[in-house]
$ cat my_file_33.cif   # mmCIF, C-alpha atoms
data_start
#
loop_
_atom_site.label_atom_id
_atom_site.label_comp_id
_atom_site.auth_asym_id
_atom_site.auth_seq_id
_atom_site.Cartn_x
_atom_site.Cartn_y
_atom_site.Cartn_z
CA MET X 1356 170.03 130.22 124.84
CA ASN X 1357 171.52 130.06 121.36
CA TYR X 1358 171.07 126.36 120.52
CA LEU X 1359 168.82 123.46 121.54
CA ILE X 1360 170.09 119.88 121.34
CA ALA X 1361 167.42 117.34 122.29
CA GLY X 1362 167.82 113.60 122.56
CA LEU X 1363 164.75 111.41 122.07
CA GLY X 1364 163.86 108.62 124.48
CA ASN X 1365 161.45 107.42 127.12
CA PRO X 1366 161.66 108.46 130.80
CA GLY X 1367 162.10 106.02 133.66
CA LYS X 1368 164.44 103.21 134.70
CA LYS X 1369 162.52 100.70 132.60
CA TYR X 1370 163.82 102.33 129.42
CA HIS X 1371 167.27 103.46 130.59
CA GLY X 1372 170.01 102.18 128.29
CA THR X 1373 167.68 100.77 125.65
CA ARG X 1374 168.36 101.19 121.95
CA HIS X 1375 165.32 103.47 121.60
CA ASN X 1376 166.85 105.77 124.25
CA VAL X 1377 170.15 106.31 122.46
CA GLY X 1378 169.19 109.99 122.05
CA PHE X 1379 169.18 110.37 125.85
CA THR X 1380 172.51 108.55 126.03
CA MET X 1381 174.12 110.92 123.54
CA VAL X 1382 172.79 114.04 125.27
CA ASP X 1383 174.10 112.75 128.61
CA GLU X 1384 177.51 112.24 127.02
CA LEU X 1385 177.54 115.74 125.51
CA ALA X 1386 176.60 117.28 128.87
CA SER X 1387 179.52 115.46 130.46
CA ARG X 1388 182.02 116.41 127.76
CA TRP X 1389 180.88 120.05 127.61
CA GLN X 1390 180.79 120.37 131.41
CA GLY X 1391 177.09 121.11 131.41
CA THR X 1392 175.05 121.71 134.53
CA ASP X 1393 173.31 118.79 136.21
CA PHE X 1394 170.06 117.82 134.49
CA THR X 1395 167.07 119.34 136.27
CA ALA X 1396 163.35 119.60 135.55
CA SER X 1397 162.57 122.49 133.22
CA ASN X 1398 160.05 125.14 134.21
CA GLN X 1399 159.20 125.72 130.55
CA ALA X 1400 158.50 122.18 129.34
CA GLU X 1401 158.15 118.58 130.46
CA ALA X 1402 161.86 117.89 130.07
CA LEU X 1403 165.12 117.48 131.93
CA VAL X 1404 167.59 120.15 130.84
CA SER X 1405 171.27 120.99 131.20
CA GLU X 1406 173.05 124.18 130.15
CA ALA X 1407 176.49 124.18 128.53
CA MET X 1408 178.79 126.54 126.67
CA VAL X 1409 180.37 125.66 123.31
CA ASP X 1410 182.65 128.16 121.61
CA GLY X 1411 181.03 131.00 123.53
CA ARG X 1412 177.46 129.97 122.65
CA LYS X 1413 174.86 128.86 125.17
CA ILE X 1414 173.57 125.35 124.52
CA LEU X 1415 170.42 123.89 126.08
CA LEU X 1416 170.60 120.09 126.25
CA ALA X 1417 167.22 118.44 126.72
CA LYS X 1418 165.69 115.04 127.42
CA PRO X 1419 161.90 115.25 126.91
CA GLN X 1420 159.94 113.44 129.63
CA THR X 1421 156.76 113.20 127.57
CA PHE X 1422 157.47 109.67 126.30
CA MET X 1423 158.81 109.17 122.82
CA ASN X 1424 155.70 109.69 120.72
CA ASN X 1425 155.04 113.14 122.24
CA SER X 1426 158.63 114.40 122.21
CA GLY X 1427 157.66 117.36 120.05
CA ASP X 1428 155.60 118.90 122.86
CA ALA X 1429 158.66 119.52 125.01
CA ILE X 1430 161.01 120.45 122.17
CA ALA X 1431 158.58 122.97 120.66
CA ALA X 1432 157.92 124.52 124.07
CA LEU X 1433 161.64 124.97 124.78
CA ALA X 1434 162.40 126.36 121.32
CA SER X 1435 159.52 128.80 121.63
CA TYR X 1436 160.32 129.99 125.15
CA PHE X 1437 164.01 130.58 124.42
CA ASN X 1438 163.29 131.91 120.92
CA ILE X 1439 165.62 129.38 119.31
CA PRO X 1440 165.23 129.28 115.50
CA ALA X 1441 164.77 125.94 113.72
CA GLU X 1442 168.26 126.11 112.20
CA HIS X 1443 169.65 126.06 115.75
CA VAL X 1444 167.65 122.99 116.83
CA LEU X 1445 169.22 119.52 116.68
CA VAL X 1446 167.36 116.29 117.46
CA ILE X 1447 169.27 113.07 118.19
CA TYR X 1448 167.44 109.77 117.76
CA ASP X 1449 167.85 106.05 117.10
CA ASP X 1450 167.68 104.65 113.57
CA VAL X 1451 167.05 100.95 112.94
CA ASP X 1452 168.02 101.41 109.28
CA LEU X 1453 171.61 102.31 110.22
CA SER X 1454 174.07 99.79 111.58
CA LEU X 1455 175.52 100.27 115.04
CA GLY X 1456 178.66 102.38 114.81
CA LYS X 1457 177.30 104.64 112.08
CA GLN X 1458 175.59 108.00 112.27
CA ARG X 1459 174.24 110.56 109.82
CA LEU X 1460 173.64 114.29 110.09
CA ALA X 1461 170.93 115.79 107.88
CA VAL X 1462 168.40 118.61 107.55
CA GLY X 1463 164.78 118.33 106.42
CA ARG X 1464 164.55 114.59 105.83
CA GLY X 1465 161.48 112.43 106.36
CA THR X 1466 160.85 110.47 109.54
CA GLY X 1467 161.63 106.94 108.36
CA GLY X 1468 158.62 105.88 110.44
CA HIS X 1469 160.08 107.25 113.69
CA LYS X 1470 157.10 108.46 115.72
CA GLY X 1471 159.17 110.59 118.07
CA LEU X 1472 160.64 112.51 115.16
CA GLN X 1473 157.19 112.85 113.58
CA SER X 1474 155.99 114.46 116.81
CA VAL X 1475 158.82 117.01 116.62
CA ILE X 1476 157.94 117.87 113.01
CA ASP X 1477 154.26 118.19 113.87
CA ARG X 1478 154.79 120.44 116.88
CA LEU X 1479 157.46 122.65 115.28
CA ALA X 1480 155.31 122.73 112.14
CA ARG X 1481 158.45 122.52 110.02
CA LYS X 1482 161.10 120.03 108.92
CA ASP X 1483 164.15 122.25 108.47
CA PHE X 1484 165.89 121.41 111.74
CA LEU X 1485 169.04 119.32 112.07
CA ARG X 1486 168.79 115.61 112.87
CA LEU X 1487 171.48 113.22 114.05
CA ARG X 1488 170.51 109.62 113.31
CA VAL X 1489 172.41 107.10 115.42
CA GLY X 1490 172.50 103.52 114.15
CA ILE X 1491 171.35 100.84 116.59
CA SER X 1492 171.13 97.69 114.46
CA PRO X 1493 173.53 94.78 114.01
CA SER X 1494 174.95 94.21 110.55
CA ASP X 1495 176.51 91.38 108.56
CA GLU X 1496 180.15 91.19 107.45
CA GLU X 1497 179.39 93.38 104.41
CA GLY X 1498 177.83 96.06 106.61
CA ASN X 1499 174.22 95.32 105.63
CA VAL X 1500 171.72 96.01 108.41
CA LEU X 1501 170.13 92.89 109.87
CA LYS X 1502 166.44 93.57 110.49
CA GLN X 1503 165.28 92.50 113.94
CA LYS X 1504 161.54 92.15 113.48
CA VAL X 1505 159.58 89.77 115.70
CA PRO X 1506 156.57 88.12 114.01
CA GLY X 1507 153.40 89.90 115.11
CA LYS X 1508 155.34 92.48 117.15
CA GLY X 1509 157.47 94.27 114.56
CA ILE X 1510 160.63 95.99 115.77
CA ASN X 1511 159.36 97.07 119.21
CA PRO X 1512 160.99 94.23 121.20
CA PHE X 1513 164.30 94.99 119.47
CA VAL X 1514 164.33 98.76 119.97
CA MET X 1515 163.34 98.29 123.61
CA SER X 1516 166.24 95.88 124.20
CA ARG X 1517 169.61 96.89 125.66
CA PHE X 1518 172.99 96.87 123.98
CA SER X 1519 175.38 94.03 124.72
CA SER X 1520 178.77 94.89 126.22
CA GLU X 1521 180.37 94.45 122.80
CA GLU X 1522 177.79 96.72 121.20
CA LEU X 1523 178.37 99.38 123.86
CA VAL X 1524 182.02 99.51 122.82
CA LYS X 1525 180.91 100.28 119.25
CA LEU X 1526 178.46 102.91 120.47
CA GLU X 1527 181.05 104.61 122.67
CA ALA X 1528 183.53 104.66 119.79
CA GLN X 1529 181.23 107.24 118.12
CA TYR X 1530 181.35 109.76 120.95
CA ASP X 1531 184.46 111.62 119.79
CA VAL X 1532 183.28 112.16 116.22
CA ILE X 1533 179.79 113.17 117.35
CA GLU X 1534 181.19 115.72 119.80
CA ASP X 1535 183.54 117.04 117.11
CA ALA X 1536 180.73 117.33 114.55
CA LEU X 1537 178.35 119.12 116.90
CA THR X 1538 181.04 121.50 118.11
CA THR X 1539 181.78 122.23 114.45
CA TRP X 1540 178.06 122.84 113.81
CA VAL X 1541 177.86 125.42 116.60
CA ARG X 1542 181.10 127.11 115.51
CA ASP X 1543 180.97 126.88 111.71
CA GLY X 1544 177.51 125.74 110.59
CA VAL X 1545 175.82 122.69 109.08
CA GLU X 1546 177.96 121.94 106.01
CA PRO X 1547 181.30 121.77 107.86
CA ALA X 1548 179.64 119.60 110.53
CA MET X 1549 178.37 117.18 107.88
CA ASN X 1550 181.89 116.94 106.47
CA VAL X 1551 183.08 115.78 109.88
CA ILE X 1552 180.49 113.09 110.48
CA ASN X 1553 178.89 111.86 107.21
#

$ encode --input "my_file_33.cif" --output "structure tokens"
Amino acid sequence: MNYLIAGLGNPGKKYHGTRHNVGFTMVDELASRWQGTDFTASNQAEALVSEAMVDGRKILLAKPQTFMNNSGDAIAALASYFNIPAEHVLVIYDDVDLSLGKQRLAVGRGTGGHKGLQSVIDRLARKDFLRLRVGISPSDEEGNVLKQKVPGKGINPFVMSRFSSEELVKLEAQYDVIEDALTTWVRDGVEPAMNVIN
């Protein structure tokens, strides 16, 4: 394997299609577009994996089955087993600070309070891997993110909710640019990919 692209989420039907599982959604979409193999249980980590080819490079697509806050266990195990360097690891995850329909590609940022991403940093023992933040929050007419906190419960009820049909249209409208950016990353590197998507 040359590259590892992992989407963050929680396993099980209870969480399927929730905002917090948008990483799984994006990895599923990439597997479909890149004609990847069916997702199967990995022998190397607690994850479902698919193999695809992009521009002659082997890509391992992964959905950790460890639950969100322990995502790093599976990602670190896969990267180690296949000897994939950090610069060839990409993690896709939900971001409540970005409005739905927006995404950002970056290297070496902080976690923004995302516990799944913190787990990846802890287990890889480094921050210099690529991250794709996918916006999941509604916004006002000026594009400002509308915080969805519930008194006493924070953002958990919101991130565990599902997208409306109108929101799904916005989410799906990102698929082409995300595929283009990640194909560019594999072929040409990080900077050209950022020019495509940011």

$ atom_distance --input "my_file_33.cif" --atom1 "CA of Lys1525 (chain X)" --atom2 "CA of Val1404 (chain X)"
26.6 Å

$ residues_around --input "my_file_33.cif" --residues "Leu1485 (chain X)" --least-positions-apart "4" --cutoff "8 Å" --atoms "all atoms listed in the file" --output "ChimeraX atom specification"
/X:1442-1446,1460-1463

$ resolve_selection --input "my_file_33.cif" --expression "the PyMOL selection byres ((chain X and resi 1450) around 6)" --output "list in words"
Asp1449, Val1451, Asp1452, Leu1453, Arg1488, Val1489 and Gly1490 of chain X

$ write_last_selection --input "my_file_33.cif" --atoms "C-alpha atoms" --output "PDB file, keeping the file's coordinate frame"
ATOM      1  CA  ASP X1449     167.850 106.050 117.100  1.00  0.00           C
ATOM      2  CA  VAL X1451     167.050 100.950 112.940  1.00  0.00           C
ATOM      3  CA  ASP X1452     168.020 101.410 109.280  1.00  0.00           C
ATOM      4  CA  LEU X1453     171.610 102.310 110.220  1.00  0.00           C
ATOM      5  CA  ARG X1488     170.510 109.620 113.310  1.00  0.00           C
ATOM      6  CA  VAL X1489     172.410 107.100 115.420  1.00  0.00           C
ATOM      7  CA  GLY X1490     172.500 103.520 114.150  1.00  0.00           C
TER       8      GLY X1490
END

$ residues_around --input "my_file_33.cif" --residues "Gly1498 (chain X)" --least-positions-apart "3" --cutoff "12 Å" --atoms "only C-alpha atoms" --output "list of chain:residue names"
X:Asp1452, X:Leu1453, X:Ser1454, X:Leu1455, X:Gly1456, X:Lys1457, X:Gly1490, X:Ser1492, X:Pro1493, X:Ser1494, X:Asp1495, X:Leu1501

$ atom_distance --input "my_file_33.cif" --atom1 "CA of Lys1369 (chain X)" --atom2 "CA of Met1515 (chain X)"
9.3 Å

$ resolve_selection --input "my_file_33.cif" --expression "the PyMOL selection byres ((chain X and resi 1399) around 10)" --output "PyMOL selection string"
chain X and resi 1396-1398+1400-1402+1429+1432-1437

$ resolve_selection --input "my_file_33.cif" --expression "the PyMOL selection byres ((chain X and resi 1541) around 10)" --output "MDAnalysis selection string"
chainID X and resid 1357:1358 1409:1414 1443 1536:1540 1542:1545 1548
